[in-house]
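A.B. asks: Structure supplied as run.txt; contents: compact mmCIF, C-alpha atoms.
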# COMPACT_ATOMS: atom_id res chain seq x y z
CA MET A 167 47.44 101.06 136.77
CA HIS A 168 50.86 101.16 138.44
CA ASP A 169 49.50 99.58 141.64
CA THR A 170 47.79 96.84 139.62
CA ARG A 171 51.01 96.03 137.79
CA ALA A 172 53.02 96.03 141.04
CA GLU A 173 50.57 93.58 142.58
CA THR A 174 50.80 91.38 139.49
CA LEU A 175 54.61 91.27 139.73
CA LYS A 176 54.44 90.36 143.41
CA TRP A 177 51.94 87.60 142.65
CA LEU A 178 54.17 86.20 139.89
CA ALA A 179 57.19 86.30 142.20
CA GLU A 180 55.38 84.42 144.95
CA GLU A 181 53.97 81.82 142.54
CA TYR A 182 57.45 81.24 141.11
CA HIS A 183 58.95 80.90 144.59
CA GLU A 184 56.28 78.44 145.75
CA LEU A 185 57.00 76.23 142.73
CA ASN A 186 60.81 76.46 142.81
CA GLY A 187 61.96 77.54 146.27
CA THR A 188 65.56 78.65 146.78
CA GLN A 189 67.27 75.35 146.07
CA TYR A 190 69.59 74.84 143.13
CA ASP A 191 70.88 71.74 141.36
CA THR A 192 74.47 70.52 141.71
CA LEU A 193 76.08 68.32 139.06
CA ASP A 194 79.19 66.22 139.73
CA ALA A 195 80.25 66.46 136.09
CA ALA A 196 79.56 68.62 133.05
CA PRO A 197 76.19 67.96 131.37
CA THR A 198 75.77 66.61 127.87
CA PRO A 199 74.54 69.09 125.23
CA LEU A 200 71.03 67.67 125.53
CA GLU A 201 71.09 67.88 129.32
CA PHE A 202 72.32 71.46 129.14
CA SER A 203 69.59 72.48 126.70
CA ARG A 204 67.08 71.16 129.23
CA LEU A 205 68.72 73.19 131.99
CA VAL A 206 68.44 76.32 129.83
CA ARG A 207 64.75 75.62 129.27
CA ILE A 208 64.20 75.32 133.04
CA GLY A 209 66.19 78.52 133.62
CA ARG A 210 67.52 77.82 137.13
CA PRO A 211 71.15 78.27 138.32
CA VAL A 212 73.24 75.10 138.44
CA LEU A 213 76.56 74.50 140.21
CA ILE A 214 78.80 72.13 138.25
CA LYS A 215 81.64 70.48 140.16
CA GLU A 216 83.94 70.57 137.17
CA SER A 217 86.20 73.19 135.61
CA THR A 218 86.05 74.28 131.99
CA ILE A 219 89.80 75.06 132.13
CA PRO A 220 92.14 72.16 131.20
CA ASP A 221 95.07 73.49 133.29
CA TYR A 222 93.06 73.55 136.50
CA GLY A 223 94.69 70.39 137.86
CA ASN A 224 98.18 71.93 137.55
CA LYS A 225 98.88 73.54 140.95
CA ASP A 226 101.38 75.99 139.42
CA ALA A 227 99.06 77.15 136.64
CA TRP A 228 97.23 80.44 137.17
CA SER A 229 99.35 81.46 140.15
CA LYS A 230 100.60 85.05 140.20
CA ARG A 231 104.06 83.92 139.10
CA TRP A 232 102.68 81.71 136.32
CA ILE A 233 100.43 84.48 134.95
CA THR A 234 103.24 87.05 135.12
CA GLU A 235 105.67 84.78 133.29
CA LYS A 236 103.14 84.03 130.57
CA MET A 237 102.21 87.70 130.04
CA GLY A 238 105.69 89.20 130.25
CA ASP A 239 105.75 92.96 129.72
CA ARG A 240 102.50 93.19 127.72
CA SER A 241 100.17 96.03 128.73
CA ILE A 242 96.65 95.23 129.90
CA SER A 243 93.59 97.35 130.71
CA VAL A 244 92.82 97.54 134.45
CA ALA A 245 89.77 99.11 136.15
CA ILE A 246 90.64 101.37 139.10
CA THR A 247 88.30 102.81 141.75
CA PRO A 248 88.76 104.21 145.26
CA ASN A 249 86.22 101.80 146.76
CA GLY A 250 86.16 98.58 144.71
CA ARG A 251 82.75 99.37 143.23
CA ALA A 252 83.08 99.81 139.49
CA ASP A 253 79.86 100.20 137.50
CA ALA A 254 77.87 101.06 140.62
CA VAL A 255 75.73 103.82 142.09
CA THR A 256 78.00 106.16 144.07
CA ARG A 257 77.52 109.52 145.75
CA GLY A 258 79.68 112.21 144.16
CA PRO A 259 81.41 115.19 145.79
CA ASP A 260 78.39 117.38 144.91
CA GLY A 261 76.10 115.16 147.00
CA LYS A 262 74.31 113.68 143.98
CA LEU A 263 74.11 110.00 143.11
CA TYR A 264 75.83 108.81 139.94
CA PHE A 265 76.30 105.59 138.02
CA ALA A 266 80.10 105.53 138.28
CA GLU A 267 82.38 103.82 135.80
CA PRO A 268 86.00 103.09 136.74
CA LEU A 269 89.16 104.71 135.49
CA THR A 270 90.83 102.36 133.01
CA GLU A 271 94.62 102.44 132.92
CA LYS A 272 97.23 100.39 131.12
CA MET A 273 99.52 98.35 133.36
CA GLN A 274 101.83 95.39 133.05
CA MET A 275 100.56 92.19 134.60
CA GLY A 276 103.23 91.96 137.33
CA PRO A 277 102.60 95.41 138.87
CA PHE A 278 98.85 94.83 138.63
CA LEU A 279 99.03 91.51 140.48
CA ASP A 280 101.19 93.15 143.16
CA THR A 281 98.18 95.32 144.09
CA LEU A 282 96.10 92.22 144.91
CA SER A 283 96.01 89.91 147.90
CA SER A 284 98.46 87.02 148.00
CA ASP A 285 97.52 83.79 146.26
CA HIS A 286 98.56 81.90 149.41
CA PRO A 287 95.57 80.98 151.63
CA GLY A 288 95.37 82.90 154.89
CA SER A 289 97.51 85.82 153.75
CA PRO A 290 96.27 89.29 154.75
CA PRO A 291 94.59 91.54 152.16
CA ALA A 292 96.84 93.80 150.09
CA GLU A 293 97.04 97.41 151.27
CA GLY A 294 96.45 100.45 149.10
CA SER A 295 94.20 103.46 148.66
CA GLU A 296 93.03 102.33 145.20
CA VAL A 297 91.34 99.11 144.16
CA HIS A 298 92.44 97.39 140.96
CA TYR A 299 90.32 94.84 139.11
CA LEU A 300 90.71 93.14 135.76
CA GLN A 301 87.09 93.25 134.62
CA SER A 302 86.99 94.38 130.99
CA GLN A 303 83.72 92.85 129.81
CA ASN A 304 84.36 93.16 126.09
CA GLY A 305 85.42 89.62 125.29
CA ASN A 306 88.96 90.32 126.49
CA LEU A 307 89.96 86.72 125.70
CA PHE A 308 87.70 85.95 122.72
CA THR A 309 84.97 87.94 120.97
CA SER A 310 82.38 86.75 118.48
CA ASN A 311 84.79 87.83 115.71
CA TYR A 312 86.98 84.88 116.64
CA PHE A 313 84.31 82.53 115.30
CA ASP A 314 83.46 84.65 112.25
CA MET A 315 85.95 83.72 109.57
CA THR A 316 84.67 86.46 107.25
CA GLY A 317 84.90 89.28 109.81
CA PRO A 318 87.82 91.29 111.22
CA GLY A 319 90.57 89.65 113.24
CA ASP A 320 90.17 89.01 116.95
CA SER A 321 93.22 90.25 118.85
CA SER A 322 93.50 90.07 122.64
CA GLU A 323 95.59 91.77 125.33
CA PHE A 324 95.84 88.29 126.83
CA GLU A 325 97.11 86.48 123.75
CA PRO A 326 99.67 84.37 125.73
CA LEU A 327 96.85 83.00 127.92
CA ARG A 328 94.53 82.02 125.08
CA GLU A 329 96.09 78.60 124.58
CA HIS A 330 95.16 77.78 128.19
CA VAL A 331 91.49 78.77 127.88
CA PRO A 332 89.09 76.98 125.49
CA SER A 333 87.45 79.44 123.11
CA GLU A 334 84.11 77.75 123.71
CA ILE A 335 82.52 75.00 125.79
CA THR A 336 81.43 72.09 123.62
CA TRP A 337 78.44 70.98 125.68
CA CYS A 338 77.22 74.56 125.84
CA SER A 339 77.82 75.52 122.20
CA ASP A 340 76.25 72.28 120.97
CA GLY A 341 73.33 72.58 123.36
CA LEU A 342 72.59 76.16 122.28
CA ASP A 343 73.63 75.68 118.65
CA ARG A 344 75.82 78.80 118.74
CA SER A 345 79.28 80.01 119.73
CA PRO A 346 79.95 82.42 122.60
CA ASP A 347 79.42 86.13 122.10
CA ALA A 348 82.30 86.86 124.51
CA VAL A 349 84.82 85.06 126.72
CA ASN A 350 86.17 87.15 129.60
CA LEU A 351 89.03 86.85 132.08
CA TRP A 352 88.49 88.25 135.60
CA ILE A 353 91.30 88.79 138.15
CA GLY A 354 90.84 90.56 141.48
CA ASP A 355 90.53 90.12 145.23
CA GLU A 356 88.12 90.70 148.11
CA LYS A 357 88.26 94.49 147.73
CA SER A 358 86.29 94.40 144.47
CA VAL A 359 82.53 93.92 144.43
CA THR A 360 80.21 93.49 141.45
CA SER A 361 76.99 95.45 142.03
CA ILE A 362 73.71 93.66 141.47
CA HIS A 363 72.55 93.57 137.85
CA SER A 364 71.23 91.20 135.19
CA ASP A 365 72.52 90.28 131.72
CA PRO A 366 70.78 89.03 128.56
CA TYR A 367 73.26 86.15 128.30
CA GLU A 368 73.44 82.51 129.25
CA ASN A 369 76.48 82.75 131.53
CA ILE A 370 78.97 79.94 132.20
CA TYR A 371 81.28 81.08 135.01
CA THR A 372 84.34 79.05 136.02
CA VAL A 373 86.52 79.93 139.03
CA ILE A 374 90.17 78.96 138.63
CA ARG A 375 91.70 80.43 141.82
CA GLY A 376 90.03 81.69 144.99
CA SER A 377 86.24 81.69 145.29
CA LYS A 378 83.24 83.80 144.29
CA GLN A 379 80.16 84.34 146.42
CA PHE A 380 77.06 84.91 144.27
CA THR A 381 73.83 86.38 145.63
CA LEU A 382 71.13 85.61 143.05
CA LEU A 383 67.53 86.64 142.50
CA PRO A 384 65.28 85.27 139.74
CA PRO A 385 63.88 87.61 137.08
CA THR A 386 60.53 87.48 138.88
CA GLU A 387 62.04 89.40 141.80
CA GLY A 388 63.55 92.25 139.82
CA TRP A 389 60.94 94.56 141.34
CA CYS A 390 62.65 94.04 144.74
CA LEU A 391 65.76 95.85 143.50
CA ARG A 392 64.15 99.27 143.06
CA GLU A 393 65.72 100.32 139.77
CA ARG A 394 66.19 104.05 139.29
CA ARG A 395 67.76 106.33 136.66
CA TYR A 396 71.07 107.99 137.45
CA PRO A 397 73.36 110.46 135.70
CA HIS A 398 76.60 108.97 134.40
CA ALA A 399 80.06 109.73 135.76
CA THR A 400 83.60 108.35 135.40
CA TYR A 401 86.61 108.28 137.68
CA VAL A 402 89.59 110.26 136.37
CA ARG A 403 92.95 111.27 137.81
CA SER A 404 93.25 114.80 139.10
CA PRO A 405 95.92 116.65 137.07
CA SER A 406 97.16 118.35 140.25
CA THR A 407 97.10 115.51 142.81
CA SER A 408 96.85 112.31 140.68
CA GLN A 409 94.10 111.20 143.07
CA LEU A 410 90.90 109.69 141.72
CA GLU A 411 88.00 112.07 141.21
CA LEU A 412 84.45 111.31 140.11
CA VAL A 413 83.63 113.54 137.13
CA PRO A 414 80.03 113.78 135.82
CA SER A 415 79.54 113.15 132.11
CA PRO A 416 78.06 115.87 129.85
CA ALA A 417 74.41 116.66 130.53
CA GLU A 418 73.30 115.14 127.21
CA THR A 419 74.67 111.71 128.25
CA PRO A 420 71.74 109.29 128.62
CA LEU A 421 70.72 108.39 132.16
CA VAL A 422 71.65 104.89 133.35
CA ARG A 423 68.99 102.52 134.67
CA TRP A 424 70.39 100.67 137.69
CA SER A 425 69.38 99.07 140.98
CA SER A 426 69.37 101.43 143.95
CA VAL A 427 70.22 98.47 146.24
CA THR A 428 73.95 98.76 146.83
CA ASP A 429 74.35 95.60 148.93
CA PRO A 430 71.47 93.08 148.77
CA THR A 431 73.08 91.02 151.54
CA ALA A 432 72.77 93.86 154.07
CA PRO A 433 69.98 93.51 156.65
CA GLY A 434 66.81 95.21 155.43
CA ALA A 435 68.19 95.93 151.95
CA LEU A 436 65.56 93.73 150.29
CA PRO A 437 61.84 93.48 151.04
CA ALA A 438 60.57 90.47 152.96
CA GLU A 439 59.09 89.05 149.72
CA ALA A 440 62.57 88.62 148.19
CA HIS A 441 64.14 85.14 148.24
CA PRO A 442 67.85 85.47 147.43
CA ILE A 443 69.90 82.38 146.64
CA HIS A 444 73.49 82.25 147.89
CA ILE A 445 76.01 80.12 145.99
CA THR A 446 79.76 79.97 146.60
CA VAL A 447 81.76 78.85 143.57
CA HIS A 448 85.15 77.46 144.55
CA ALA A 449 88.21 76.91 142.39
CA GLY A 450 87.56 74.07 139.96
CA GLU A 451 83.80 74.66 139.89
CA THR A 452 81.49 76.20 137.30
CA LEU A 453 78.22 78.08 137.70
CA TYR A 454 75.51 78.15 135.06
CA LEU A 455 73.72 81.48 135.51
CA PRO A 456 70.63 81.74 133.28
CA ALA A 457 69.90 84.87 131.28
CA GLY A 458 68.01 87.55 133.17
CA TRP A 459 69.00 86.41 136.67
CA TRP A 460 70.11 89.21 138.99
CA HIS A 461 73.51 88.69 140.57
CA TYR A 462 75.71 90.40 143.14
CA VAL A 463 79.25 89.02 143.42
CA ARG A 464 81.99 89.14 146.04
CA GLN A 465 85.25 87.23 146.06
CA ARG A 466 87.58 85.84 148.67
CA GLY A 467 91.30 86.55 148.37
CA PHE A 468 93.20 86.44 145.09
CA THR A 469 90.66 85.21 142.55
CA VAL A 470 90.92 84.24 138.88
CA ALA A 471 87.87 83.32 136.82
CA VAL A 472 86.74 82.95 133.22
CA ASN A 473 83.20 83.33 131.96
CA TYR A 474 81.46 82.56 128.68
CA TRP A 475 78.56 84.70 127.52
CA TYR A 476 76.17 83.07 125.07
CA ASP A 477 73.39 85.21 123.59
CA MET A 478 70.01 84.20 124.94
CA GLU A 479 67.35 82.99 122.53
CA GLY A 480 65.53 86.07 121.23
CA ARG A 481 62.68 84.18 119.62
CA GLY A 482 59.62 83.04 121.50
CA MET A 483 58.54 84.58 124.81
CA SER A 484 61.79 84.68 126.82
CA TRP A 485 62.82 88.22 125.89
CA VAL A 486 59.26 89.51 126.20
CA TRP A 487 58.91 88.01 129.69
CA LEU A 488 62.21 89.46 130.89
CA ASN A 489 61.23 92.93 129.70
CA PHE A 490 57.83 92.64 131.35
CA LEU A 491 59.29 91.46 134.66
CA ARG A 492 61.85 94.26 134.67
CA GLY A 493 59.23 96.87 133.79
CA ALA A 494 58.76 98.55 130.43
CA GLU A 495 58.12 102.02 131.88
CA GLU A 496 60.98 104.29 132.90
CA PRO A 497 61.78 104.07 136.63
CA PRO A 498 61.94 107.19 138.84
CA LEU A 499 64.95 109.47 138.92
CA GLY A 500 67.37 108.25 141.57
CA ASN A 501 68.27 111.69 142.85
CA GLU A 502 64.62 112.70 143.18
CA GLU A 503 64.00 109.60 145.28
CA ASP A 504 67.13 110.36 147.27
CA LYS A 505 65.77 113.80 148.22
CA LYS A 506 62.73 112.04 149.65
CA GLY A 507 64.96 109.80 151.75
CA ALA A 508 64.28 106.68 149.67
CA GLY A 509 67.37 106.68 147.49
CA THR A 510 70.18 104.20 148.06
CA ASP A 511 72.69 103.07 150.64
CA ALA A 512 75.52 104.46 148.47
CA ASP A 513 76.60 106.81 151.26
CA ALA A 514 78.81 104.01 152.48
CA ASP A 515 80.76 104.46 149.25
CA ALA A 516 80.68 108.24 149.02
CA VAL A 517 83.57 109.92 147.24
CA ALA A 518 85.16 112.86 149.03
So that I can check it, write out the structure of this file as structure tokens.

C.D. replies:
Amino acid sequence: MHDTRAETLKWLAEEYHELNGTQYDTLDAAPTPLEFSRLVRIGRPVLIKESTIPDYGNKDAWSKRWITEKMGDRSISVAITPNGRADAVTRGPDGKLYFAEPLTEKMQMGPFLDTLSSDHPGSPPAEGSEVHYLQSQNGNLFTSNYFDMTGPGDSSEFEPLREHVPSEITWCSDGLDRSPDAVNLWIGDEKSVTSIHSDPYENIYTVIRGSKQFTLLPPTEGWCLRERRYPHATYVRSPSTSQLELVPSPAETPLVRWSSVTDPTAPGALPAEAHPIHITVHAGETLYLPAGWWHYVRQRGFTVAVNYWYDMEGRGMSWVWLNFLRGAEEPPLGNEEDKKGAGTDADADAVA
């Protein structure tokens, strides 16, 4: 039964690739609501040569100095890891593989930005034994409560920046007939990497400073990413040394389903049947990333971005298809596979 299903997934992936290839559309301007609804129906990534941020044309806006002046001494939540891989499979000090979440600490914006590479092109990367990334994925700019007049208030750590970021994108909200579920601000540099994963959201991703390199795979090629189940762990500070340590969560914590492919761009990381799409999103550009698409993200230098998550349509067949393509059965245990020598390439990110 398992072999039959695996062959079916491979057949679907090849049929999809033969029909669509690895090309993607590029638009010189934002689509109309009707045009966007058609793009959602097609479900392919689209690069839009237009920013969703009104201040983009101001060369001083969104620089380190500008952001620091706007934020003042407000505290913000920052993710910290020793290797730049938050929310990723990492080998712990006991030799086991874990799904590792970052330490989250409160910092002021100025000291946080000082840990990142310069916002001047060609400057060398910032030095430091820890990697800092602003990546709180909880609607850190706007949550769905912002649009619900009857619900609780919608406060933000980044209140001074809200007036410079639209709470929603008109052509997207009108095309989907809904408001965003979350609007997130991302600030980091080349030391931070987003491990490959998929989200059940229609994602509108605008780069304001720097650039983002996306490696994408369609939902039909999820089988290429060898999902496994891993125990959960979190980075904490050692009380004696203040150094980061990876601490396993209690045994009753549910296992985390995650791809065992640490870097899909590495030679041999993906099977020959995979057809990754590589898209670089520069400052002033926007990427439409359809729900269910797998994505691995790197960035170049000091990078600022904003993304809008819109809930995907749950009616019809879309959700059913995504679940089928990902696999309804539970994947193998990652550490059992690792013992057989077929685990992950997470040794490159091992924690001492």

A.B. asks: In Å, rounded to a single decimal, give me how far CA of Gln379 (chain A) is from CA of Gln301 (chain A).

C.D. replies: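 Going from CA of Gln301 (chain A) over to CA of Gln379 (chain A), I get 16.3 Å.
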
A.B. asks: Using all atoms listed in the file, which of A:Pro346, A:Pro414, A:Pro197, A:Gly458 sits nearest Leu213 (chain A)?

C.D. replies: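 When distances to Leu213 (chain A) are compared using all atoms listed in the file, the smallest one comes from A:Pro197.
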
A.B. asks: Rank nothing, just name the residue among A:Arg423, A:Lys225, A:Arg394, A:His363 nearest to Ala457 (chain A), using all atoms listed in the file.

C.D. replies: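 That would be A:His363, the residue with the smallest distance to Ala457 (chain A).
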
A.B. asks: Counting all atoms listed in the file, write as a PyMOL selection string all protein and nucleic acid residues lying at most 9 Å from (86.5, 111.4, 136.8) in the file's frame.

C.D. replies: chain A and resi 266-269+399-404+410-415

A.B. asks: Any idea what's packed within 7 Å of Ser345 (chain A), counting all atoms listed in the file, ignoring anything in its chain fewer than 6 positions away? Could you give it as a list in words?

C.D. replies: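 What passes the distance filter is Glu334, Ser339 and Tyr476 of chain A.
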
A.B. asks: Take the residues that were just selected and, keeping C-alpha atoms, output them as a PDB file, in the coordinates of the input.

C.D. replies:
ATOM      1  CA  GLU A 334      84.110  77.750 123.710  1.00  0.00           C
ATOM      2  CA  SER A 339      77.820  75.520 122.200  1.00  0.00           C
ATOM      3  CA  TYR A 476      76.170  83.070 125.070  1.00  0.00           C
TER       4      TYR A 476
END

A.B. asks: For each of A:Trp485, A:Trp475, A:Trp424, A:Trp459, take the minimum atom-to-atom distance to Pro497 (chain A), counting only C-alpha atoms, then give the residue where this is smallest.

C.D. replies: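 The shortest atom-to-atom distance to Pro497 (chain A) comes from A:Trp424.
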
A.B. asks: My list of candidates is A:Ile208, A:Ile443, A:Val472, A:Met478. Which is closest to Asn306 (chain A) when distances are computed with all atoms listed in the file?

C.D. replies: A:Val472

A.B. asks: May I ask which of the residues A:Ala348, A:Leu327, A:Leu342, A:Met275 is the closest one to Phe308 (chain A), counting only C-alpha atoms?

C.D. replies: A:Ala348

A.B. asks: Grab the CA of Asp347 (chain A) to CA of Asp477 (chain A) distance for me, in Å with one decimal place.

C.D. replies: 6.3 Å

A.B. asks: When you count only C-alpha atoms, which of these residues is closest to Tyr312 (chain A): A:Val349, A:His444, A:Val297, A:Ser283?

C.D. replies: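 Residue with the minimum atom-to-atom distance to Tyr312 (chain A): A:Val349.
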
A.B. asks: What is the CA of Ser243 (chain A) to CA of Val427 (chain A) distance in Å?

C.D. replies: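 Here the two named atoms are 28.1 Å from each other.
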
A.B. asks: Which residues, written as a VMD selection string, have at least one atom at most 12 Å from Arg240 (chain A), with all atoms listed in the file counted and residues fewer than 4 positions away on the same chain left out?

C.D. replies: chain A and resid 233 to 236 272 to 278 322 to 327

A.B. asks: Can you list every residue of region 328-431 of chain A that has an atom at most 10 Å from region 171-179 of chain A, with its nearest atom pair and the distance in Å to one decimal, using all atoms listed in the file, ordered by chain then number, as a tab-separated table?

C.D. replies:
residue	atom	partner	partner_atom	distance
A:Pro384	CA	A:Ala179	CA	8.5
A:Pro385	CA	A:Ala179	CA	8.5
A:Thr386	CA	A:Ala179	CA	4.9
A:Glu387	CA	A:Ala179	CA	5.8
A:Gly388	CA	A:Leu175	CA	9.0
A:Trp389	CA	A:Leu175	CA	7.3
A:Cys390	CA	A:Lys176	CA	9.1

A.B. asks: Applying 9 Å and all atoms listed in the file, which residues near His441 (chain A) remain after dropping the ones on its own chain fewer than 4 positions away? List them as a ChimeraX atom specification.

C.D. replies: /A:183,187-188,382-384,387,436

A.B. asks: Leaving out Arg395 (chain A) and any residue of its chain fewer than 5 positions from it, which residues lie within 12 Å of it when counting only C-alpha atoms, given as a PyMOL selection string?

C.D. replies: chain A and resi 255+263-265+420-426+495-504+509-510
